[in-house]
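**Q** Structure: model_21.cif, mmCIF, C-alpha atoms and all ligand atoms.
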data_start
#
loop_
_atom_site.group_PDB
_atom_site.id
_atom_site.type_symbol
_atom_site.label_atom_id
_atom_site.label_comp_id
_atom_site.auth_asym_id
_atom_site.auth_seq_id
_atom_site.Cartn_x
_atom_site.Cartn_y
_atom_site.Cartn_z
ATOM 1 C CA MET A 1 -26.415 -27.793 3.006
ATOM 2 C CA GLN A 2 -24.188 -30.504 1.589
ATOM 3 C CA PRO A 3 -20.659 -29.853 2.954
ATOM 4 C CA SER A 4 -17.907 -29.256 0.443
ATOM 5 C CA LEU A 5 -14.099 -29.161 0.512
ATOM 6 C CA ILE A 6 -11.342 -28.411 -1.981
ATOM 7 C CA VAL A 7 -7.586 -28.169 -1.333
ATOM 8 C CA HIS A 8 -4.451 -27.386 -3.331
ATOM 9 C CA GLY A 9 -0.740 -27.981 -2.881
ATOM 10 C CA GLY A 10 0.680 -25.416 -5.291
ATOM 11 C CA ALA A 11 0.829 -24.710 -9.014
ATOM 12 C CA TRP A 12 4.223 -25.336 -10.600
ATOM 13 C CA ASP A 13 6.171 -27.667 -12.828
ATOM 14 C CA ILE A 14 5.807 -30.681 -10.527
ATOM 15 C CA PRO A 15 8.301 -33.343 -11.695
ATOM 16 C CA ASP A 16 7.036 -36.871 -12.333
ATOM 17 C CA ASP A 17 8.777 -38.269 -9.269
ATOM 18 C CA ALA A 18 6.981 -35.835 -6.932
ATOM 19 C CA ILE A 19 3.476 -36.518 -8.271
ATOM 20 C CA ALA A 20 2.638 -39.389 -5.942
ATOM 21 C CA ALA A 21 3.750 -37.469 -2.837
ATOM 22 C CA CYS A 22 1.791 -34.338 -3.858
ATOM 23 C CA LYS A 23 -1.352 -36.363 -4.550
ATOM 24 C CA GLN A 24 -1.024 -38.262 -1.286
ATOM 25 C CA GLY A 25 -0.558 -34.990 0.607
ATOM 26 C CA CYS A 26 -3.748 -33.562 -0.905
ATOM 27 C CA ARG A 27 -5.592 -36.766 -0.102
ATOM 28 C CA ASP A 28 -4.422 -36.702 3.522
ATOM 29 C CA ALA A 29 -5.588 -33.087 3.752
ATOM 30 C CA LEU A 30 -9.030 -34.043 2.400
ATOM 31 C CA VAL A 31 -9.286 -36.906 4.897
ATOM 32 C CA ALA A 32 -8.467 -34.557 7.792
ATOM 33 C CA GLY A 33 -10.925 -31.853 6.701
ATOM 34 C CA TRP A 34 -13.697 -34.218 5.647
ATOM 35 C CA SER A 35 -13.597 -36.167 8.912
ATOM 36 C CA ILE A 36 -14.751 -32.898 10.509
ATOM 37 C CA LEU A 37 -17.242 -31.707 7.871
ATOM 38 C CA SER A 38 -18.937 -35.076 7.407
ATOM 39 C CA LYS A 39 -19.725 -35.214 11.130
ATOM 40 C CA GLY A 40 -21.335 -31.771 11.121
ATOM 41 C CA GLY A 41 -18.174 -29.871 12.145
ATOM 42 C CA THR A 42 -17.408 -26.335 11.037
ATOM 43 C CA ALA A 43 -15.753 -25.186 7.832
ATOM 44 C CA LEU A 44 -13.228 -23.273 9.946
ATOM 45 C CA ASP A 45 -12.141 -26.404 11.818
ATOM 46 C CA ALA A 46 -12.018 -28.308 8.525
ATOM 47 C CA ILE A 47 -9.776 -25.882 6.653
ATOM 48 C CA GLU A 48 -7.477 -25.591 9.654
ATOM 49 C CA ALA A 49 -7.164 -29.389 9.885
ATOM 50 C CA SER A 50 -6.523 -29.710 6.135
ATOM 51 C CA ILE A 51 -3.913 -26.952 6.097
ATOM 52 C CA ILE A 52 -2.079 -28.350 9.135
ATOM 53 C CA VAL A 53 -1.630 -31.648 7.284
ATOM 54 C CA LEU A 54 -0.239 -29.800 4.266
ATOM 55 C CA GLU A 55 2.011 -27.566 6.409
ATOM 56 C CA ASP A 56 3.479 -30.598 8.156
ATOM 57 C CA ASP A 57 4.241 -32.330 4.853
ATOM 58 C CA PRO A 58 7.665 -31.229 3.544
ATOM 59 C CA VAL A 59 6.660 -31.856 -0.071
ATOM 60 C CA PHE A 60 4.760 -28.551 0.159
ATOM 61 C CA ASP A 61 6.103 -25.036 0.658
ATOM 62 C CA ALA A 62 4.357 -24.173 3.931
ATOM 63 C CA GLY A 63 5.240 -24.757 7.579
ATOM 64 C CA TYR A 64 7.929 -27.467 7.845
ATOM 65 C CA GLY A 65 9.874 -27.683 4.590
ATOM 66 C CA SER A 66 9.188 -24.090 3.497
ATOM 67 C CA HIS A 67 11.610 -22.447 1.099
ATOM 68 C CA LEU A 68 14.462 -20.580 2.737
ATOM 69 C CA ASN A 69 15.108 -16.895 2.210
ATOM 70 C CA LEU A 70 18.479 -15.495 1.171
ATOM 71 C CA ASP A 71 19.691 -15.674 4.772
ATOM 72 C CA GLY A 72 18.786 -19.369 5.020
ATOM 73 C CA GLN A 73 15.733 -18.708 7.224
ATOM 74 C CA VAL A 74 12.108 -19.767 6.875
ATOM 75 C CA GLU A 75 9.560 -16.934 6.794
ATOM 76 C CA CYS A 76 5.968 -18.175 6.608
ATOM 77 C CA ASP A 77 2.706 -16.412 5.778
ATOM 78 C CA ALA A 78 -0.877 -17.620 6.316
ATOM 79 C CA ILE A 79 -4.437 -16.345 6.147
ATOM 80 C CA VAL A 80 -7.951 -17.516 6.911
ATOM 81 C CA MET A 81 -11.073 -15.662 5.779
ATOM 82 C CA ASP A 82 -14.708 -15.933 6.834
ATOM 83 C CA ALA A 83 -17.142 -15.507 3.935
ATOM 84 C CA ALA A 84 -20.048 -14.528 6.197
ATOM 85 C CA THR A 85 -18.388 -11.551 7.914
ATOM 86 C CA LEU A 86 -15.579 -10.763 5.441
ATOM 87 C CA ARG A 87 -13.237 -10.860 8.428
ATOM 88 C CA ALA A 88 -9.772 -12.331 7.868
ATOM 89 C CA GLY A 89 -6.962 -13.360 10.188
ATOM 90 C CA SER A 90 -3.558 -13.099 8.594
ATOM 91 C CA ALA A 91 0.092 -13.364 9.641
ATOM 92 C CA ALA A 92 3.318 -12.839 7.682
ATOM 93 C CA GLY A 93 7.051 -13.181 8.132
ATOM 94 C CA LEU A 94 6.749 -15.907 10.792
ATOM 95 C CA GLN A 95 9.930 -17.693 11.811
ATOM 96 C CA ARG A 96 8.887 -19.473 14.975
ATOM 97 C CA ILE A 97 5.385 -20.816 14.369
ATOM 98 C CA LYS A 98 5.166 -24.503 13.502
ATOM 99 C CA ASN A 99 1.689 -24.223 11.974
ATOM 100 C CA PRO A 100 1.124 -20.681 10.707
ATOM 101 C CA ILE A 101 -2.554 -21.401 9.980
ATOM 102 C CA ARG A 102 -3.150 -21.817 13.716
ATOM 103 C CA LEU A 103 -1.915 -18.297 14.278
ATOM 104 C CA ALA A 104 -4.005 -16.930 11.386
ATOM 105 C CA ARG A 105 -7.044 -18.485 13.054
ATOM 106 C CA LYS A 106 -6.147 -17.020 16.453
ATOM 107 C CA ILE A 107 -5.851 -13.591 14.850
ATOM 108 C CA TRP A 108 -9.245 -14.087 13.211
ATOM 109 C CA GLU A 109 -10.731 -15.126 16.553
ATOM 110 C CA GLU A 110 -9.054 -12.894 19.085
ATOM 111 C CA CYS A 111 -7.227 -9.966 17.571
ATOM 112 C CA PRO A 112 -8.718 -6.505 17.005
ATOM 113 C CA HIS A 113 -6.609 -6.297 13.826
ATOM 114 C CA MET A 114 -6.769 -8.522 10.743
ATOM 115 C CA MET A 115 -3.048 -8.864 9.957
ATOM 116 C CA LEU A 116 0.121 -9.065 12.062
ATOM 117 C CA VAL A 117 3.716 -9.533 10.932
ATOM 118 C CA ALA A 118 7.021 -10.905 12.228
ATOM 119 C CA GLN A 119 7.842 -10.414 15.943
ATOM 120 C CA GLY A 120 4.535 -8.684 16.649
ATOM 121 C CA ALA A 121 2.658 -11.678 15.253
ATOM 122 C CA GLU A 122 4.802 -14.087 17.252
ATOM 123 C CA ARG A 123 4.257 -12.086 20.421
ATOM 124 C CA PHE A 124 0.510 -12.287 19.809
ATOM 125 C CA ALA A 125 0.857 -16.066 19.289
ATOM 126 C CA GLN A 126 2.480 -16.476 22.685
ATOM 127 C CA LYS A 127 -0.164 -14.342 24.330
ATOM 128 C CA SER A 128 -2.876 -16.527 22.804
ATOM 129 C CA GLY A 129 -1.229 -19.714 23.998
ATOM 130 C CA LEU A 130 0.449 -20.861 20.780
ATOM 131 C CA PRO A 131 3.969 -22.116 21.504
ATOM 132 C CA LEU A 132 6.938 -20.759 19.564
ATOM 133 C CA CYS A 133 9.264 -23.278 17.930
ATOM 134 C CA ASP A 134 12.958 -23.128 17.175
ATOM 135 C CA PRO A 135 13.323 -21.570 13.681
ATOM 136 C CA ALA A 136 15.531 -24.567 12.777
ATOM 137 C CA ASP A 137 12.562 -26.910 13.344
ATOM 138 C CA LEU A 138 10.948 -25.563 10.160
ATOM 139 C CA ILE A 139 13.965 -26.293 7.936
ATOM 140 C CA SER A 140 13.920 -29.560 5.973
ATOM 141 C CA PRO A 141 17.164 -31.175 4.781
ATOM 142 C CA ALA A 142 16.116 -30.804 1.114
ATOM 143 C CA GLU A 143 15.522 -27.056 1.431
ATOM 144 C CA ARG A 144 18.754 -26.553 3.336
ATOM 145 C CA ALA A 145 20.694 -28.441 0.632
ATOM 146 C CA ALA A 146 19.062 -26.376 -2.130
ATOM 147 C CA TRP A 147 19.826 -23.137 -0.301
ATOM 148 C CA LEU A 148 23.469 -24.136 0.209
ATOM 149 C CA GLN A 149 23.798 -24.837 -3.496
ATOM 150 C CA CYS A 150 22.239 -21.487 -4.352
ATOM 151 C CA ARG A 151 24.630 -19.748 -1.985
ATOM 152 C CA GLU A 152 27.720 -21.402 -3.424
ATOM 153 C CA ASP A 153 26.590 -20.995 -6.973
ATOM 154 C CA GLU A 154 23.723 -18.649 -7.757
ATOM 155 C CA HIS A 155 20.008 -19.005 -7.108
ATOM 156 C CA ALA A 156 18.748 -21.439 -9.748
ATOM 157 C CA ALA A 157 15.542 -23.384 -10.205
ATOM 158 C CA GLU A 158 17.542 -26.606 -10.756
ATOM 159 C CA HIS A 159 18.756 -26.512 -7.151
ATOM 160 C CA HIS A 160 15.127 -26.587 -6.052
ATOM 161 C CA ARG A 161 14.059 -29.175 -8.616
ATOM 162 C CA GLY A 162 11.318 -31.267 -7.087
ATOM 163 C CA HIS A 163 10.234 -28.646 -4.595
ATOM 164 C CA GLU A 164 10.278 -25.238 -6.278
ATOM 165 C CA GLN A 165 6.844 -24.199 -5.136
ATOM 166 C CA GLY A 166 3.912 -25.677 -3.310
ATOM 167 C CA THR A 167 1.915 -23.109 -1.401
ATOM 168 C CA VAL A 168 -1.153 -24.767 0.112
ATOM 169 C CA GLY A 169 -4.786 -23.765 0.346
ATOM 170 C CA ALA A 170 -8.235 -24.986 1.334
ATOM 171 C CA VAL A 171 -11.813 -23.790 0.938
ATOM 172 C CA ALA A 172 -14.688 -25.438 2.780
ATOM 173 C CA MET A 173 -18.419 -25.099 3.285
ATOM 174 C CA ASP A 174 -20.127 -26.779 6.218
ATOM 175 C CA ARG A 175 -23.666 -28.062 6.764
ATOM 176 C CA ASP A 176 -24.772 -24.656 7.993
ATOM 177 C CA GLY A 177 -23.572 -23.081 4.748
ATOM 178 C CA ARG A 178 -20.629 -21.304 6.462
ATOM 179 C CA LEU A 179 -17.758 -20.862 4.042
ATOM 180 C CA PHE A 180 -14.076 -20.304 4.926
ATOM 181 C CA ALA A 181 -10.974 -20.058 2.737
ATOM 182 C CA ALA A 182 -7.321 -20.325 3.775
ATOM 183 C CA THR A 183 -3.819 -20.141 2.292
ATOM 184 C CA SER A 184 -0.415 -20.902 3.817
ATOM 185 C CA THR A 185 3.046 -20.558 2.290
ATOM 186 C CA GLY A 186 6.769 -20.303 2.834
ATOM 187 C CA GLY A 187 6.915 -17.883 -0.105
ATOM 188 C CA THR A 188 9.448 -18.102 -2.900
ATOM 189 C CA CYS A 189 12.908 -19.677 -2.654
ATOM 190 C CA CYS A 190 15.828 -17.360 -1.923
ATOM 191 C CA LYS A 191 13.471 -14.420 -1.460
ATOM 192 C CA LEU A 192 14.829 -11.286 0.174
ATOM 193 C CA PRO A 193 14.314 -11.361 3.942
ATOM 194 C CA GLY A 194 11.098 -9.502 4.679
ATOM 195 C CA ARG A 195 9.510 -10.265 1.313
ATOM 196 C CA VAL A 196 5.780 -10.942 1.571
ATOM 197 C CA GLY A 197 3.908 -12.333 -1.438
ATOM 198 C CA ASP A 198 0.239 -12.566 -2.296
ATOM 199 C CA SER A 199 -0.650 -15.469 -0.018
ATOM 200 C CA PRO A 200 -1.491 -13.691 3.287
ATOM 201 C CA LEU A 201 -2.966 -10.609 1.606
ATOM 202 C CA ILE A 202 -6.744 -10.385 1.705
ATOM 203 C CA GLY A 203 -8.038 -10.455 -1.870
ATOM 204 C CA CYS A 204 -4.723 -11.576 -3.380
ATOM 205 C CA GLY A 205 -3.899 -15.103 -2.154
ATOM 206 C CA CYS A 206 -7.252 -15.676 -0.463
ATOM 207 C CA TYR A 207 -10.763 -14.256 -0.433
ATOM 208 C CA ALA A 208 -14.251 -15.339 0.604
ATOM 209 C CA ASP A 209 -17.641 -13.668 0.414
ATOM 210 C CA ALA A 210 -20.839 -15.559 1.190
ATOM 211 C CA GLU A 211 -22.610 -13.676 -1.611
ATOM 212 C CA ALA A 212 -20.314 -15.288 -4.182
ATOM 213 C CA GLY A 213 -17.851 -17.920 -2.917
ATOM 214 C CA GLY A 214 -14.267 -18.309 -1.771
ATOM 215 C CA GLY A 215 -10.853 -19.056 -3.223
ATOM 216 C CA SER A 216 -7.178 -19.690 -2.559
ATOM 217 C CA CYS A 217 -4.431 -18.870 -5.082
ATOM 218 C CA THR A 218 -0.927 -20.101 -5.753
ATOM 219 C CA GLY A 219 1.821 -19.048 -8.117
ATOM 220 C CA TYR A 220 4.111 -16.087 -8.647
ATOM 221 C CA GLY A 221 3.047 -13.752 -5.854
ATOM 222 C CA GLU A 222 4.230 -10.503 -7.383
ATOM 223 C CA ALA A 223 1.959 -11.161 -10.396
ATOM 224 C CA ILE A 224 -1.010 -12.432 -8.362
ATOM 225 C CA MET A 225 -0.932 -9.229 -6.292
ATOM 226 C CA LYS A 226 -1.193 -7.092 -9.437
ATOM 227 C CA ILE A 227 -4.602 -8.506 -10.280
ATOM 228 C CA THR A 228 -5.824 -9.140 -6.688
ATOM 229 C CA MET A 229 -6.496 -12.586 -8.033
ATOM 230 C CA ALA A 230 -8.599 -14.200 -5.280
ATOM 231 C CA LYS A 231 -11.004 -11.255 -5.055
ATOM 232 C CA THR A 232 -11.173 -11.019 -8.829
ATOM 233 C CA ALA A 233 -12.035 -14.718 -9.107
ATOM 234 C CA VAL A 234 -14.694 -14.439 -6.389
ATOM 235 C CA ASP A 235 -16.154 -11.410 -8.169
ATOM 236 C CA TYR A 236 -16.462 -13.546 -11.297
ATOM 237 C CA LEU A 237 -18.686 -15.824 -9.192
ATOM 238 C CA ARG A 238 -21.185 -13.052 -8.469
ATOM 239 C CA ARG A 239 -24.446 -13.626 -10.290
ATOM 240 C CA PRO A 240 -28.162 -13.240 -9.715
ATOM 241 C CA THR A 241 -29.963 -16.339 -8.483
ATOM 242 C CA LEU A 242 -30.371 -18.607 -11.469
ATOM 243 C CA PRO A 243 -32.916 -21.371 -11.940
ATOM 244 C CA ASP A 244 -30.094 -23.896 -11.982
ATOM 245 C CA GLU A 245 -27.770 -22.913 -9.135
ATOM 246 C CA SER A 246 -25.788 -26.099 -9.550
ATOM 247 C CA ASP A 247 -24.295 -24.998 -12.861
ATOM 248 C CA ARG A 248 -20.745 -26.309 -12.494
ATOM 249 C CA SER A 249 -19.484 -24.715 -15.681
ATOM 250 C CA PHE A 250 -20.059 -21.237 -14.213
ATOM 251 C CA THR A 251 -17.613 -21.874 -11.330
ATOM 252 C CA LYS A 252 -15.140 -23.498 -13.687
ATOM 253 C CA ARG A 253 -15.291 -20.488 -15.997
ATOM 254 C CA ALA A 254 -14.618 -18.078 -13.109
ATOM 255 C CA ALA A 255 -11.474 -20.025 -12.160
ATOM 256 C CA GLN A 256 -10.313 -20.153 -15.776
ATOM 257 C CA ASP A 257 -10.987 -16.447 -16.359
ATOM 258 C CA ALA A 258 -8.898 -15.547 -13.301
ATOM 259 C CA THR A 259 -5.889 -17.560 -14.486
ATOM 260 C CA ASP A 260 -6.289 -16.136 -18.003
ATOM 261 C CA LEU A 261 -6.252 -12.625 -16.531
ATOM 262 C CA LEU A 262 -3.127 -13.469 -14.503
ATOM 263 C CA LEU A 263 -1.305 -14.346 -17.694
ATOM 264 C CA ARG A 264 -2.734 -11.541 -19.823
ATOM 265 C CA ARG A 265 -2.364 -8.595 -17.429
ATOM 266 C CA ALA A 266 0.525 -9.648 -15.202
ATOM 267 C CA ASN A 267 2.344 -12.182 -17.363
ATOM 268 C CA GLY A 268 2.083 -14.461 -14.335
ATOM 269 C CA THR A 269 1.877 -18.188 -13.821
ATOM 270 C CA GLY A 270 -0.225 -19.823 -11.143
ATOM 271 C CA GLY A 271 -3.554 -21.339 -10.303
ATOM 272 C CA LEU A 272 -6.416 -21.343 -7.837
ATOM 273 C CA ILE A 273 -9.195 -23.326 -6.230
ATOM 274 C CA LEU A 274 -12.728 -22.023 -5.752
ATOM 275 C CA LEU A 275 -15.970 -22.980 -4.052
ATOM 276 C CA ASP A 276 -19.011 -21.018 -5.118
ATOM 277 C CA ARG A 277 -21.719 -19.970 -2.647
ATOM 278 C CA ASN A 278 -23.415 -23.358 -3.111
ATOM 279 C CA GLY A 279 -20.234 -25.288 -2.457
ATOM 280 C CA ILE A 280 -19.523 -26.175 -6.089
ATOM 281 C CA PRO A 281 -15.747 -26.700 -6.480
ATOM 282 C CA ALA A 282 -13.571 -25.594 -9.384
ATOM 283 C CA PHE A 283 -9.879 -25.140 -10.112
ATOM 284 C CA ALA A 284 -7.677 -23.787 -12.894
ATOM 285 C CA PHE A 285 -3.965 -23.276 -13.512
ATOM 286 C CA ASN A 286 -1.709 -22.062 -16.292
ATOM 287 C CA THR A 287 1.398 -23.829 -14.955
ATOM 288 C CA PRO A 288 2.327 -27.286 -16.258
ATOM 289 C CA ARG A 289 0.783 -28.829 -13.143
ATOM 290 C CA MET A 290 -1.033 -28.057 -9.895
ATOM 291 C CA ALA A 291 -1.665 -30.431 -6.988
ATOM 292 C CA TYR A 292 -5.304 -30.348 -5.919
ATOM 293 C CA GLY A 293 -8.119 -32.447 -4.563
ATOM 294 C CA TYR A 294 -11.793 -32.158 -3.693
ATOM 295 C CA VAL A 295 -14.612 -34.187 -2.274
ATOM 296 C CA ALA A 296 -17.054 -35.211 -5.002
ATOM 297 C CA PRO A 297 -20.839 -34.980 -4.438
ATOM 298 C CA ASP A 298 -20.952 -38.753 -3.687
ATOM 299 C CA GLY A 299 -18.406 -38.254 -0.860
ATOM 300 C CA SER A 300 -15.467 -39.805 -2.714
ATOM 301 C CA PHE A 301 -12.066 -38.086 -2.749
ATOM 302 C CA PHE A 302 -10.643 -36.907 -6.036
ATOM 303 C CA THR A 303 -6.989 -35.847 -6.232
ATOM 304 C CA SER A 304 -4.977 -34.927 -9.283
ATOM 305 C CA ILE A 305 -2.019 -33.034 -10.634
HETATM 306 N N1 LIG B 401 2.195 -17.361 -4.049
HETATM 307 C C1 LIG B 401 3.317 -17.731 -3.246
HETATM 308 C C2 LIG B 401 4.170 -16.530 -3.008
HETATM 309 O O1 LIG B 401 4.412 -15.791 -3.930
HETATM 310 C C3 LIG B 401 4.139 -18.825 -3.847
HETATM 311 C C4 LIG B 401 3.379 -20.006 -4.413
HETATM 312 O O2 LIG B 401 2.175 -19.997 -4.503
HETATM 313 O O3 LIG B 401 4.002 -20.969 -4.773
HETATM 314 O O4 LIG B 401 4.616 -16.330 -1.912
#
Could you rewrite the structure in this file as C-alpha cells?
**A**
Amino acid sequence: MQPSLIVHGGAWDIPDDAIAACKQGCRDALVAGWSILSKGGTALDAIEASIIVLEDDPVFDAGYGSHLNLDGQVECDAIVMDAATLRAGSAAGLQRIKNPIRLARKIWEECPHMMLVAQGAERFAQKSGLPLCDPADLISPAERAAWLQCREDEHAAEHHRGHEQGTVGAVAMDRDGRLFAATSTGGTCCKLPGRVGDSPLIGCGCYADAEAGGGSCTGYGEAIMKITMAKTAVDYLRRPTLPDESDRSFTKRAAQDATDLLLRRANGTGGLILLDRNGIPAFAFNTPRMAYGYVAPDGSFFTSI
C-alpha cells in the first residue's frame, strides 16, 4: 500500500497573525510522521511522532500550552485507535503527562482497559515507565496571562485571542495497510475542573475501522459528542467495493456531511480529518478556519488553513 498521513491543528477562528505558526506546526508534524512512514515504519509510530510535535508546540491546545481550567490547571485528554482491531487507548484529565499521546499508546498496548482518567491514568503511566512532569511544565506564559485576565474580569474569547482552540489530530496508513487515528487536546479554556470533551471518547473525537477508514475531530466538544462525530463520519465512508476505489470525492463528501450534521443537529462548530480505507485523505470544517496538512500522492507536503 502507498502510505498516507493527514494531521490537523484545530478548527477555530485562527487570526491572521497565527496562520504561519499553525501551518508550520502542521508541516513539522507531517515531517515527523512521514519520516517514519516513508521508510516502512508503522502508522502507530507515525501518528505518535506527529502528535508529539503538535503537543510540544504551544500554538496548539494540547500538551504544553494547553488551555487552563477555571483553577488555572492544565487537564489533557488523548486517544489512539487501531482500525484493524477497533481497540483504543485513551486517557483524560491528565495534569502530569508531558505528552498525553504517549500514555494513550501505552494504554492501547499494555492496559486491559481502553480508557483511564486522572490519578489512575497517571499511576498507570508511572507503572509503564512514563515519567510524570510538574503540572507547571505544561503551562505556557500566553495561557497563564489569558487565564489571569479571565479571572480578574470574566471568561472572554478576547483574552484567548490567537489561541482559543487548537486540538490536534493525526490519521495514518502504513505500507502494510494498517490504519491508526489519534487526537490530543487540552480541552476548552476556563472549563470546569474535571470536564472531559469529545476528544478522548471513542467515536466522538476519534474513530477508526479498517472496513471504512479513520478520523479525528476538533471543535466544540459538547456538540461533537451529541452526534458521535468521528464514528458518524467513518460510517459515511462505508461502501461496497467500487470499480474506482480511488474516488476522492466520496471521502470529501463524508467529511462534509459530518460537519453539516454537526451544525444541523447540534448547532456546533468544528471540523475533522479523514483517511478512507485506501488512505485517501479528506477534511472539512464549518469554522472560519482549520489548520491541517497532508502528504499528497507525489510525496509532497500540503498544509493550509
Ligand atoms: N474538541 C475539543 C474539546 O471540546 C476542543 C477543540 O477541538 O478545540 O475538548
**Q** Starting from the shown file, work through the PyMOL selection byres (((chain A and resi 121) around 12) and not hetatm) and note down what comes out as a ChimeraX atom specification.
**A** /A:76-78,89-97,100,102-104,106-107,111,113-120,122-128,130,132
**Q** Counting all atoms listed in the file, which residues of stretch 40-96 of chain A fall within 8 Å of stretch 5-17 of chain A, and what is the closest atom pair for each with its distance in Å at one decimal, ordered by chain and rising number, as JSON lines?
**A**
{"residue": "A:Ser50", "atom": "CA", "partner": "A:Val7", "partner_atom": "CA", "distance": 7.7}
{"residue": "A:Leu54", "atom": "CA", "partner": "A:Gly9", "partner_atom": "CA", "distance": 7.4}
{"residue": "A:Phe60", "atom": "CA", "partner": "A:Gly9", "partner_atom": "CA", "distance": 6.3}
**Q** Let me have all residues with an atom within 6 Å of ligand LIG 401 (chain B), counting only C-alpha atoms and all ligand atoms, laid out as a PyMOL selection string.
**A** chain A and resi 10+165-167+187-188+197-199+218-221
**Q** Care to translate the PyMOL selection byres (((chain A and resi 229) around 12) and not hetatm) into actual residues of this file, as number ranges by chain?
**A** A: 198-199, 201-208, 214-228, 230-236, 254-263, 265-266, 268-274
**Q** Hey, what's within 10 Å of A:Lys252 if we count only C-alpha atoms and toss same-chain stuff fewer than 4 positions away? As a ChimeraX atom specification, please?
**A** /A:237,247-248,256-257,273-276,280-284
**Q** For the file shown, what are the residues hit by the PyMOL selection byres (((chain A and resi 278) around 10) and not hetatm), laid out as a list in words?
**A**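 Answer for the PyMOL selection byres (((chain A and resi 278) around 10) and not hetatm): Met1, Gln2, Pro3, Ser4, Met173, Gly177, Leu179, Ala210, Glu211, Ala212, Gly213, Glu245, Ser246, Asp247, Leu275, Asp276, Arg277, Gly279, Ile280 and Pro281 of chain A.
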**Q** With C-alpha atoms kept, could you save the residues just selected as a PDB file, in the coordinates of the input?
**A**
ATOM      1  CA  MET A   1     -26.415 -27.793   3.006  1.00  0.00           C
ATOM      2  CA  GLN A   2     -24.188 -30.504   1.589  1.00  0.00           C
ATOM      3  CA  PRO A   3     -20.659 -29.853   2.954  1.00  0.00           C
ATOM      4  CA  SER A   4     -17.907 -29.256   0.443  1.00  0.00           C
ATOM      5  CA  MET A 173     -18.419 -25.099   3.285  1.00  0.00           C
ATOM      6  CA  GLY A 177     -23.572 -23.081   4.748  1.00  0.00           C
ATOM      7  CA  LEU A 179     -17.758 -20.862   4.042  1.00  0.00           C
ATOM      8  CA  ALA A 210     -20.839 -15.559   1.190  1.00  0.00           C
ATOM      9  CA  GLU A 211     -22.610 -13.676  -1.611  1.00  0.00           C
ATOM     10  CA  ALA A 212     -20.314 -15.288  -4.182  1.00  0.00           C
ATOM     11  CA  GLY A 213     -17.851 -17.920  -2.917  1.00  0.00           C
ATOM     12  CA  GLU A 245     -27.770 -22.913  -9.135  1.00  0.00           C
ATOM     13  CA  SER A 246     -25.788 -26.099  -9.550  1.00  0.00           C
ATOM     14  CA  ASP A 247     -24.295 -24.998 -12.861  1.00  0.00           C
ATOM     15  CA  LEU A 275     -15.970 -22.980  -4.052  1.00  0.00           C
ATOM     16  CA  ASP A 276     -19.011 -21.018  -5.118  1.00  0.00           C
ATOM     17  CA  ARG A 277     -21.719 -19.970  -2.647  1.00  0.00           C
ATOM     18  CA  GLY A 279     -20.234 -25.288  -2.457  1.00  0.00           C
ATOM     19  CA  ILE A 280     -19.523 -26.175  -6.089  1.00  0.00           C
ATOM     20  CA  PRO A 281     -15.747 -26.700  -6.480  1.00  0.00           C
TER      21      PRO A 281
END
**Q** Expressed in Å to a single decimal, how great is the separation between atom CA of A:Arg195 and atom CA of A:Ile139?
**A**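 The value is 17.9 Å.
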**Q** Counting all atoms listed in the file, figure out which residue out of A:Arg175, A:Ile305, A:Gly194, A:Arg105 gets nearest to A:Thr287.
**A** A:Ile305
**Q** Using atom CA of A:His67 and atom CA of A:Lys191 as the two end points, give the distance in Å to one decimal.
**A** 8.6 Å
**Q** Padding 4 Å on each side, edges along x, y and z: where is the centre of the box around the listed atoms of stretch 86-90 of chain A, and how long are its edges in Å to one decimal? Output it as AutoDock Vina command-line options.
**A**
--center_x -9.6 --center_y -12.1 --center_z 7.8 --size_x 20.0 --size_y 10.6 --size_z 12.7
**Q** State, in Å with one decimal place, the distance from atom CA of A:Pro112 to atom CA of A:Arg87.
**A** 10.6 Å
**Q** Would you be able to write out as a ChimeraX atom specification which residues have an atom within 10 Å of (22.7, -18.4, -2.0) in the file's coordinates, counting all atoms listed in the file?
**A** /A:68-72,146-156,189-190
